[in-house]
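Structure, as structure tokens:
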Amino acid sequence: MADSRRHAQLILGKVFFPFFTRLSAFTIVLLVSVGLIWILPTDGLNTNQVYVLFLLFFSVGLWFTEAIPPFAVGLLILAYLVYFLGGRYLSAAPMDVSQYVNTWSSPIIWLLLGGFFIAESLKKSRLDTSILRWVLSKMGSKPSTILLGLMSLTMVASMLMSNTATTAMVLAATLPLCTSLGKDEPFSHALLLGIPTAAALGGMGTIIGSPPNAIAVGALQTTGGDVSFGMWMMYGILPSILLNFATWRFLMYKYPSKLEKIEVASSLGKDSSTSHIDKGVQRITITTMLVTVLMWITTPLHNIPVAAIAAIPLVFLTVSGVLNANDMQKMPWDTLMLVSGGLALGLALQETGLAGIFVNNIQHFDIPAIPMIIVVCFVTMMLSNLMSNTAASTIIVPLAIILVPAKAEIAAVAIGLSASTAIFLPVSTPPNALAYASGLLDQKDFRGTGILIGLLGPILIIGWVLLIHGIFR
């Protein structure tokens, strides 16, 4: 879930920009945004449209340069829209700006929050560690089987938990093995590359698996569309499985182990971390998670909104005492701020009519929808290697919906999934950063899987989304 390039830099211990450097970047982005408004022909735009166009340029620049944290850009968007579009002194036609603030209560925000509660309860009850150790003890001693088992477990766990937390958990269990094998053993590289890749790709499987997924669904909801929890799983799980399998085959080919057998169990040792955990807490956590996910998947049968179902973990996990006030502080609230701001920006493009102007101008070029979707998916993948994949999706999804309104769902879903294929650099994702921080990998080691998934991923995703949409929509 909550992953960003900034978090990856923090894991690697990189010093972010000093204050004056950040201030300079902020000032440059501001001046460039003003300059674009000055240069571009805006005679046909009203005041509100000019305000929103400037906000689009300014937000994209701030997200790309990270002059301020991505979540702060989300808050800036909300404040800007309220002040400039709702103030009668600044706008000739003040708008009802409550719709932008109300993105905080969007169903997608509640869905993400429910996912955060489930993930935190799994971590606190140590169920994640217990399941991992059980799987490790059953995988045997064949290197290829061990790698496939660990990648499969990581992929499934990342559908419900933070990609970062999942990677940290699996790496913590396997690093002693990698260290004992040494940097020269190819299988160590295969493990350290396979686990973060599986974590990134596993996030495709559910709406709560990765913020770009939620961005895509939320943007569709603002335009009257919707993708259910179960429908997203149909879109996302198979590409996740196929890309993980392709990564596994690639790693076993590139890093063939010199050993015929590897004893994983001997590296585990005895786990005393779960001895103090109340079994009742674990039972409550498992029951709550299963009931919630089952109801999310079966929404078309009972028609209970996913936002209402998200109340199940929020209520039961706190009332039962599984989660307390201290646990609330550990949740990635900044992700919700970023998502809310992104939804507000997309809504502003629609409500001010700026989206319609974009569509009319693009239609003059007569670019078919599918080639356009292919282009924006690859652009999303490349941008997500250089900046937060959540921020990249926040920028591109609303624009893509505007550009191909007839295939809005296909574009939004394909972009959301493609954002998870950005794994080319150690700082592309926090899982990559965690693996690189082990000291057993070089930066060049990420290029092979990064190129494979970056080129194969968007094409596979677009083809599958088109097929599923054609069958079920």
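Scheme for the structure tokens: letters A, B, ... for chains in order shown; per-chain residue numbers from 1; ligand numbers from 1 in order shown.
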Which residues, written as number ranges by chain, have at least one atom at most 9 Å from A:Met139, with only C-alpha atoms counted and residues fewer than 3 positions away on the same chain left out?
A: 135-136, 142, 145-146, 149-150, 264
Dump of N, CA, C and O atoms for the selected residues, as an mmCIF file, in the first residue's frame:
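As written to disk, part-v3.cif reads:
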```cif
data_model
loop_
_atom_site.group_PDB
_atom_site.id
_atom_site.type_symbol
_atom_site.label_atom_id
_atom_site.label_comp_id
_atom_site.auth_asym_id
_atom_site.auth_seq_id
_atom_site.Cartn_x
_atom_site.Cartn_y
_atom_site.Cartn_z
ATOM 1 N N VAL A 135 5.552 -21.155 5.927
ATOM 2 C CA VAL A 135 5.792 -21.382 4.499
ATOM 3 C C VAL A 135 7.252 -21.757 4.258
ATOM 4 O O VAL A 135 7.562 -22.681 3.490
ATOM 5 N N LEU A 136 8.170 -21.048 4.907
ATOM 6 C CA LEU A 136 9.590 -21.343 4.739
ATOM 7 C C LEU A 136 9.932 -22.771 5.146
ATOM 8 O O LEU A 136 10.751 -23.430 4.516
ATOM 9 N N LYS A 142 15.232 -27.194 -2.641
ATOM 10 C CA LYS A 142 15.601 -26.890 -4.021
ATOM 11 C C LYS A 142 15.582 -25.378 -4.233
ATOM 12 O O LYS A 142 14.567 -24.720 -3.955
ATOM 13 N N THR A 145 12.546 -23.830 -6.076
ATOM 14 C CA THR A 145 11.305 -23.930 -5.301
ATOM 15 C C THR A 145 11.283 -22.910 -4.177
ATOM 16 O O THR A 145 10.238 -22.307 -3.889
ATOM 17 N N ILE A 146 12.427 -22.716 -3.539
ATOM 18 C CA ILE A 146 12.515 -21.730 -2.453
ATOM 19 C C ILE A 146 12.212 -20.334 -2.977
ATOM 20 O O ILE A 146 11.429 -19.584 -2.384
ATOM 21 N N GLY A 149 8.505 -20.027 -3.941
ATOM 22 C CA GLY A 149 7.660 -19.971 -2.750
ATOM 23 C C GLY A 149 7.723 -18.620 -2.069
ATOM 24 O O GLY A 149 6.684 -18.061 -1.674
ATOM 25 N N LEU A 150 8.924 -18.065 -1.918
ATOM 26 C CA LEU A 150 9.066 -16.760 -1.271
ATOM 27 C C LEU A 150 8.433 -15.650 -2.099
ATOM 28 O O LEU A 150 7.778 -14.759 -1.562
ATOM 29 N N VAL A 264 16.895 -24.119 4.276
ATOM 30 C CA VAL A 264 16.307 -22.865 4.747
ATOM 31 C C VAL A 264 15.984 -22.936 6.237
ATOM 32 O O VAL A 264 16.179 -21.974 6.982
#
```
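Taking only C-alpha atoms into account, A:Gly280 lies nearest to A:Gly321 out of the set A:Pro212, A:Cys178, A:Asp128, A:Gly321.
Interatomic distance, atom CA of A:Gly203 to atom CA of A:Gly470: 23.6 Å.
Atom pair atom CA of A:Met382 / atom CA of A:Ala344 has a distance of 24.3 Å (rounded to one decimal).
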List the neighbours of A:Ile28 out to 10 Å using only C-alpha atoms; skip same-chain residues closer than 4 positions along the sequence, and give me the result as a ChimeraX atom specification.
/A:22-24,32-34,61-62,67
Save out the residues we just selected, C-alpha atoms, as a compact mmCIF listing (two decimals), in the first residue's frame.
```txt
# COMPACT_ATOMS: atom_id res chain seq x y z
CA ARG A 22 14.10 22.84 -1.49
CA LEU A 23 13.13 26.51 -1.34
CA SER A 24 14.92 27.11 -4.63
CA VAL A 32 7.84 28.03 -14.41
CA SER A 33 4.13 27.45 -13.72
CA VAL A 34 3.41 31.17 -13.85
CA GLY A 61 6.25 20.29 -10.83
CA LEU A 62 6.19 19.88 -7.06
CA ALA A 67 10.47 20.25 -3.30
```
Contacts of A:Glu120 within 12 Å, only C-alpha atoms, excl. fewer than 4 positions in-chain, as an MDAnalysis selection string:
chainID A and resid 1 113:116 124:128 160:162 165:166 285 289 313:314 317:318 322:324 326:332
Set the distance at 9 Å and use only C-alpha atoms: which residues neighbour stretch 292-308 of chain A once local chain neighbours fewer than 4 positions away are removed? I'd like the list as a compact mmCIF listing (two decimals) with N, CA, C and O atoms, in the first residue's frame.
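Wrote result-v6.txt, looks like this:
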```txt
# COMPACT_ATOMS: atom_id res chain seq x y z
N SER A 106 -14.42 10.42 0.45
CA SER A 106 -14.66 9.58 -0.72
C SER A 106 -14.66 8.10 -0.30
O SER A 106 -13.91 7.70 0.60
N PRO A 107 -15.47 7.28 -0.95
CA PRO A 107 -15.47 5.84 -0.63
C PRO A 107 -14.09 5.21 -0.73
O PRO A 107 -13.75 4.29 0.03
N ILE A 108 -13.27 5.70 -1.65
CA ILE A 108 -11.95 5.11 -1.84
C ILE A 108 -11.06 5.40 -0.64
O ILE A 108 -10.17 4.60 -0.29
N ILE A 109 -11.26 6.54 0.01
CA ILE A 109 -10.49 6.86 1.22
C ILE A 109 -10.83 5.88 2.33
O ILE A 109 -9.95 5.35 3.03
N TRP A 110 -12.12 5.58 2.49
CA TRP A 110 -12.54 4.64 3.53
C TRP A 110 -12.08 3.22 3.21
O TRP A 110 -11.72 2.46 4.12
N LEU A 111 -12.07 2.89 1.93
CA LEU A 111 -11.58 1.57 1.53
C LEU A 111 -10.11 1.41 1.88
O LEU A 111 -9.69 0.39 2.44
N GLY A 114 -9.68 1.05 5.66
CA GLY A 114 -9.97 -0.31 6.10
C GLY A 114 -8.80 -1.24 5.83
O GLY A 114 -8.45 -2.09 6.66
N SER A 228 -15.58 -2.44 -9.02
CA SER A 228 -15.76 -3.10 -7.72
C SER A 228 -14.47 -3.76 -7.27
O SER A 228 -13.53 -3.95 -8.05
N PHE A 229 -14.44 -4.15 -6.00
CA PHE A 229 -13.26 -4.82 -5.44
C PHE A 229 -12.98 -6.11 -6.19
O PHE A 229 -11.84 -6.40 -6.58
N GLY A 230 -14.03 -6.89 -6.43
CA GLY A 230 -13.86 -8.15 -7.15
C GLY A 230 -13.45 -7.95 -8.59
O GLY A 230 -12.63 -8.71 -9.12
N MET A 231 -14.00 -6.92 -9.24
CA MET A 231 -13.64 -6.65 -10.63
C MET A 231 -12.18 -6.26 -10.74
O MET A 231 -11.49 -6.67 -11.68
N MET A 233 -9.80 -7.27 -8.83
CA MET A 233 -9.02 -8.50 -8.68
C MET A 233 -8.95 -9.26 -10.00
O MET A 233 -7.91 -9.85 -10.33
N THR A 287 -10.38 -13.53 11.61
CA THR A 287 -11.81 -13.51 11.34
C THR A 287 -12.23 -12.20 10.70
O THR A 287 -12.97 -12.16 9.70
N THR A 288 -11.75 -11.10 11.27
CA THR A 288 -12.10 -9.78 10.74
C THR A 288 -11.60 -9.61 9.31
O THR A 288 -12.33 -9.11 8.44
N ILE A 312 -16.05 -2.51 9.12
CA ILE A 312 -15.89 -3.75 9.90
C ILE A 312 -14.53 -3.79 10.59
O ILE A 312 -14.45 -3.93 11.82
N PRO A 313 -13.39 -3.65 9.86
CA PRO A 313 -12.12 -3.63 10.57
C PRO A 313 -11.94 -2.40 11.45
O PRO A 313 -11.33 -2.49 12.53
```
From the set A:Ile415, A:Ile423, A:Ala406, A:Ile262, which residue has the shortest atom-to-atom contact distance to A:Pro211, counting only C-alpha atoms?
A:Ile415
Have a look at A:Leu343, A:Ala168, A:Leu177, A:Ala8 and name the one nearest to A:Asn385; count only C-alpha atoms.
A:Ala8
Do you know which residues are at most 10 Å from stretch 71-85 of chain A counting only C-alpha atoms, after dropping those on the same chain fewer than 6 positions away, and could you put them as a ChimeraX atom specification?
/A:47-49,51-52,55-56,58-60,62-63,91-104,333-345,348,352,391,394
Which residues are close to A:Gly202, i.e. within 7 Å by only C-alpha atoms, leaving aside same-chain residues fewer than 3 positions away? Reply as a PyMOL selection string.
chain A and resi 155-156+158-159+198-199+205+240
Backbone DSSP call of helix (DSSP H, G or I) for stretch 33-196 of chain A, listed as a ChimeraX atom specification
/A:33-39,47-65,70-86,98-105,107-124,127-137,143-157,163-181,186-196
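The space between atom CA of A:Phe57 and atom CA of A:Leu354 spans 13.3 Å.
The closest residue to A:Pro398, picked from A:Met151, A:Leu290, A:Ala216, A:Leu383 and counting only C-alpha atoms, is A:Ala216.
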Go through A:Leu193, A:Leu148, A:Ile286, A:Ile207 and flag the residue nearest A:Lys123, using only C-alpha atoms for the distances.
A:Ile286
